[in-house]
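Asks: I'd like to ask some things about the structure below.
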Amino acid sequence: MSYAQLLAEIPMFESLGREDLETMSSLLQPRRFARGEVIFHRGDVGTALFIIRRGQVAIRLSSSEGREITLALLDRGDAFGELSLLDGESRSTDAMAREEAHLLTLQRDDFRRYLETRPQVSLALLANMSRLVRRTTQLVYDSAFLDARSRLVRVLLELAKTQGRQGPEGLVITPKLTQSELANLCGVTRESVNKWLRYYVREGMLSFEGGQIVLLQPERLGQDAE
Ligand SMILES: Nc1ncnc2c1ncn2[C@@H]1O[C@@H]2COP(=O)(O)O[C@H]2[C@H]1O
């Protein structure tokens, strides 16, 4: 089966011509993970890049006491696991399938060969890593300077931007998130997420539809948390 069409949708590989995409496609191995299954743990040896065909993957950190934060939720067309292939260190985070996930793996040597011979792929990877550094800086800023309410609002607005769609009432956040998952994404307690979600529902700025959060007045929400 050719995965060239999926590869062409991924920013890191979009510069590749048809022939390259077909060659890379023949190097990919499909792997399937059940809902809740761990794809890798922080500290594991990294041997492959992962590309998501279907399903959702959480990039997470957890403490020895069982506390967790979610750094990112990834879905179709997202790639992860590039860091350890580049610096030879171990996996920097855990990765877990939030729902049944159909993934493709590209082995380290094959990935590096593309980076060495296709400068456009390296540039796109650098752009990807620049975004990652910016997001991490934003997380540091948020945890140092923002209160729980502002952190929640910032995460909701970012999810709406990266994984949202326009619905009839407002911006719908596509992944269905529990309050605990939202709390992990914001780095605040579940109680505080619950308190502020209820406040924004009362104020008419957000609602819930079929388990999804809908931002009814995203601009007002943004102003409120400034
Ligand atoms: N802060 C972050 N935000 C989003 N993704 C990350 C972050 N840190 C690490 N990752 C991804 O998670 C992967 C974990 O394995 P690697 O360290 O090989 O590569 C990492 C990146 O692809």
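Within each chain, counting starts at residue 1; across the structure tokens, chains are named A, B, ... in the order shown, with ligands numbered 1 upward in that order.
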Could you give me the residues within 10 Å of ligand 1, counting only C-alpha atoms and all ligand atoms, as a ChimeraX atom specification?
Replies: /A:39-50,58-61,70-74,78-95,128-129,131-139
Asks: Can you spit out the residues from that selection as an mmCIF file, in the first residue's frame, using C-alpha atoms?
Replies:
data_model
loop_
_atom_site.group_PDB
_atom_site.id
_atom_site.type_symbol
_atom_site.label_atom_id
_atom_site.label_comp_id
_atom_site.auth_asym_id
_atom_site.auth_seq_id
_atom_site.Cartn_x
_atom_site.Cartn_y
_atom_site.Cartn_z
ATOM 1 C CA ILE A 39 3.839 3.895 22.268
ATOM 2 C CA PHE A 40 7.058 4.653 24.110
ATOM 3 C CA HIS A 41 8.243 5.857 27.499
ATOM 4 C CA ARG A 42 10.482 8.779 28.316
ATOM 5 C CA GLY A 43 14.002 7.338 28.539
ATOM 6 C CA ASP A 44 13.481 4.598 25.916
ATOM 7 C CA VAL A 45 15.963 4.321 23.084
ATOM 8 C CA GLY A 46 14.571 6.059 20.001
ATOM 9 C CA THR A 47 14.877 4.075 16.788
ATOM 10 C CA ALA A 48 12.126 5.459 14.557
ATOM 11 C CA LEU A 49 10.056 8.480 13.578
ATOM 12 C CA PHE A 50 6.278 8.036 13.964
ATOM 13 C CA ALA A 58 -0.785 12.389 23.591
ATOM 14 C CA ILE A 59 2.780 13.554 24.230
ATOM 15 C CA ARG A 60 3.109 13.501 28.010
ATOM 16 C CA LEU A 61 5.384 13.773 31.015
ATOM 17 C CA THR A 70 0.195 16.706 28.466
ATOM 18 C CA LEU A 71 2.508 18.685 26.216
ATOM 19 C CA ALA A 72 0.645 18.107 22.973
ATOM 20 C CA LEU A 73 -2.232 16.237 21.375
ATOM 21 C CA LEU A 74 -1.356 15.049 17.897
ATOM 22 C CA ASP A 78 1.471 14.818 12.632
ATOM 23 C CA ALA A 79 4.924 13.277 13.094
ATOM 24 C CA PHE A 80 6.740 12.755 16.401
ATOM 25 C CA GLY A 81 9.825 11.101 17.804
ATOM 26 C CA GLU A 82 12.324 13.094 15.736
ATOM 27 C CA LEU A 83 14.354 14.492 18.665
ATOM 28 C CA SER A 84 16.079 11.286 19.744
ATOM 29 C CA LEU A 85 16.820 10.429 16.112
ATOM 30 C CA LEU A 86 18.649 13.732 15.738
ATOM 31 C CA ASP A 87 20.690 13.896 18.936
ATOM 32 C CA GLY A 88 21.007 10.170 19.743
ATOM 33 C CA GLU A 89 19.610 10.747 23.258
ATOM 34 C CA SER A 90 16.689 8.791 24.710
ATOM 35 C CA ARG A 91 12.988 9.663 24.218
ATOM 36 C CA SER A 92 12.276 13.018 25.870
ATOM 37 C CA THR A 93 8.615 12.251 26.718
ATOM 38 C CA ASP A 94 6.060 9.449 26.926
ATOM 39 C CA ALA A 95 3.730 8.947 23.960
ATOM 40 C CA ASN A 128 8.853 22.376 13.101
ATOM 41 C CA MET A 129 11.416 22.438 15.878
ATOM 42 C CA ARG A 131 7.503 25.928 16.718
ATOM 43 C CA LEU A 132 8.244 23.338 19.388
ATOM 44 C CA VAL A 133 10.743 25.630 21.142
ATOM 45 C CA ARG A 134 8.261 28.535 20.956
ATOM 46 C CA ARG A 135 5.494 26.409 22.440
ATOM 47 C CA THR A 136 7.785 25.230 25.216
ATOM 48 C CA THR A 137 8.791 28.844 25.956
ATOM 49 C CA GLN A 138 5.109 29.738 26.086
ATOM 50 C CA LEU A 139 4.537 26.899 28.587
#
Asks: Would you please extract all alpha helix (DSSP H) residues from segment 60-215 of chain A, as assigned by DSSP on the backbone, and give them as a PyMOL selection string?
Replies: chain A and resi 83-87+108-117+119-145+148-163+179-186+190-202
Asks: Could you pull the residues within 10 Å of segment 161-170 of chain A, counting only C-alpha atoms, minus those fewer than 6 positions along the same chain, as a PDB file with N, CA and C atoms, in the first residue's frame?
Replies:
ATOM      1  N   LEU A  73      -1.344  17.264  21.919  1.00  0.00           N
ATOM      2  CA  LEU A  73      -2.232  16.237  21.375  1.00  0.00           C
ATOM      3  C   LEU A  73      -2.029  16.253  19.871  1.00  0.00           C
ATOM      4  N   LEU A  74      -1.681  15.098  19.319  1.00  0.00           N
ATOM      5  CA  LEU A  74      -1.356  15.049  17.897  1.00  0.00           C
ATOM      6  C   LEU A  74      -2.373  14.190  17.163  1.00  0.00           C
ATOM      7  N   ASP A  75      -2.626  14.505  15.891  1.00  0.00           N
ATOM      8  CA  ASP A  75      -3.513  13.637  15.107  1.00  0.00           C
ATOM      9  C   ASP A  75      -3.031  13.489  13.674  1.00  0.00           C
ATOM     10  N   VAL A 155      -4.965  27.744  26.618  1.00  0.00           N
ATOM     11  CA  VAL A 155      -4.989  26.389  26.048  1.00  0.00           C
ATOM     12  C   VAL A 155      -6.242  26.194  25.187  1.00  0.00           C
ATOM     13  N   MET A 205     -19.860  32.390  27.380  1.00  0.00           N
ATOM     14  CA  MET A 205     -18.693  32.420  26.474  1.00  0.00           C
ATOM     15  C   MET A 205     -18.344  31.043  25.925  1.00  0.00           C
ATOM     16  N   LEU A 206     -18.799  29.995  26.593  1.00  0.00           N
ATOM     17  CA  LEU A 206     -18.594  28.658  26.009  1.00  0.00           C
ATOM     18  C   LEU A 206     -19.739  27.725  26.359  1.00  0.00           C
ATOM     19  N   SER A 207     -19.829  26.631  25.581  1.00  0.00           N
ATOM     20  CA  SER A 207     -20.850  25.621  25.859  1.00  0.00           C
ATOM     21  C   SER A 207     -20.268  24.247  25.530  1.00  0.00           C
ATOM     22  N   ILE A 213     -16.067  20.970  23.464  1.00  0.00           N
ATOM     23  CA  ILE A 213     -16.178  22.344  23.969  1.00  0.00           C
ATOM     24  C   ILE A 213     -16.373  23.282  22.775  1.00  0.00           C
ATOM     25  N   VAL A 214     -17.329  24.191  22.911  1.00  0.00           N
ATOM     26  CA  VAL A 214     -17.561  25.175  21.843  1.00  0.00           C
ATOM     27  C   VAL A 214     -17.280  26.565  22.407  1.00  0.00           C
ATOM     28  N   LEU A 215     -16.370  27.293  21.748  1.00  0.00           N
ATOM     29  CA  LEU A 215     -16.085  28.660  22.185  1.00  0.00           C
ATOM     30  C   LEU A 215     -17.085  29.579  21.483  1.00  0.00           C
ATOM     31  N   LEU A 216     -18.020  30.111  22.265  1.00  0.00           N
ATOM     32  CA  LEU A 216     -19.105  30.909  21.674  1.00  0.00           C
ATOM     33  C   LEU A 216     -18.625  32.328  21.380  1.00  0.00           C
ATOM     34  N   GLN A 217     -17.740  32.836  22.250  1.00  0.00           N
ATOM     35  CA  GLN A 217     -17.235  34.207  22.065  1.00  0.00           C
ATOM     36  C   GLN A 217     -15.722  34.213  22.300  1.00  0.00           C
ATOM     37  N   PRO A 218     -14.956  33.658  21.335  1.00  0.00           N
ATOM     38  CA  PRO A 218     -13.505  33.518  21.573  1.00  0.00           C
ATOM     39  C   PRO A 218     -12.802  34.839  21.857  1.00  0.00           C
TER      40      PRO A 218
END
Asks: Give me, as a ChimeraX atom specification, all polymer residues having an atom no more than 10 Å from Asp20 of chain A, counting only C-alpha atoms and skipping those fewer than 6 positions away in the same chain.
Replies: /A:4,13,26,114,118
Asks: As an exercise, work out the distance from atom CA of Ile10 of chain A to atom CA of Ala97 of chain A in Å and give it to one decimal place.
Replies: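 Atom CA of Ile10 of chain A sits 19.6 Å away from atom CA of Ala97 of chain A.
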Asks: Could you write out, as a ChimeraX atom specification, all the residues of segment 53-178 of chain A that DSSP marks as strand (DSSP E)?
Replies: /A:53-54,57-62,68-74,79-80,94-97,101-107,164-166,171-173
Asks: Looking at A:Asp224, A:Asp142, A:Glu100, A:Asp110, which one is nearest to Ala34 of chain A, with distances taken over only C-alpha atoms?
Replies: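 For Ala34 of chain A, the nearest of the candidates is A:Glu100.
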Asks: With a distance cut-off of 12 Å and only C-alpha atoms, select the neighbouring residues of Met24 of chain A, excluding the residue or stretch itself and same-chain residues fewer than 3 positions from it, and output the selection as a PyMOL selection string.
Replies: chain A and resi 2-8+13+16-21+27-29+104-107+110-114
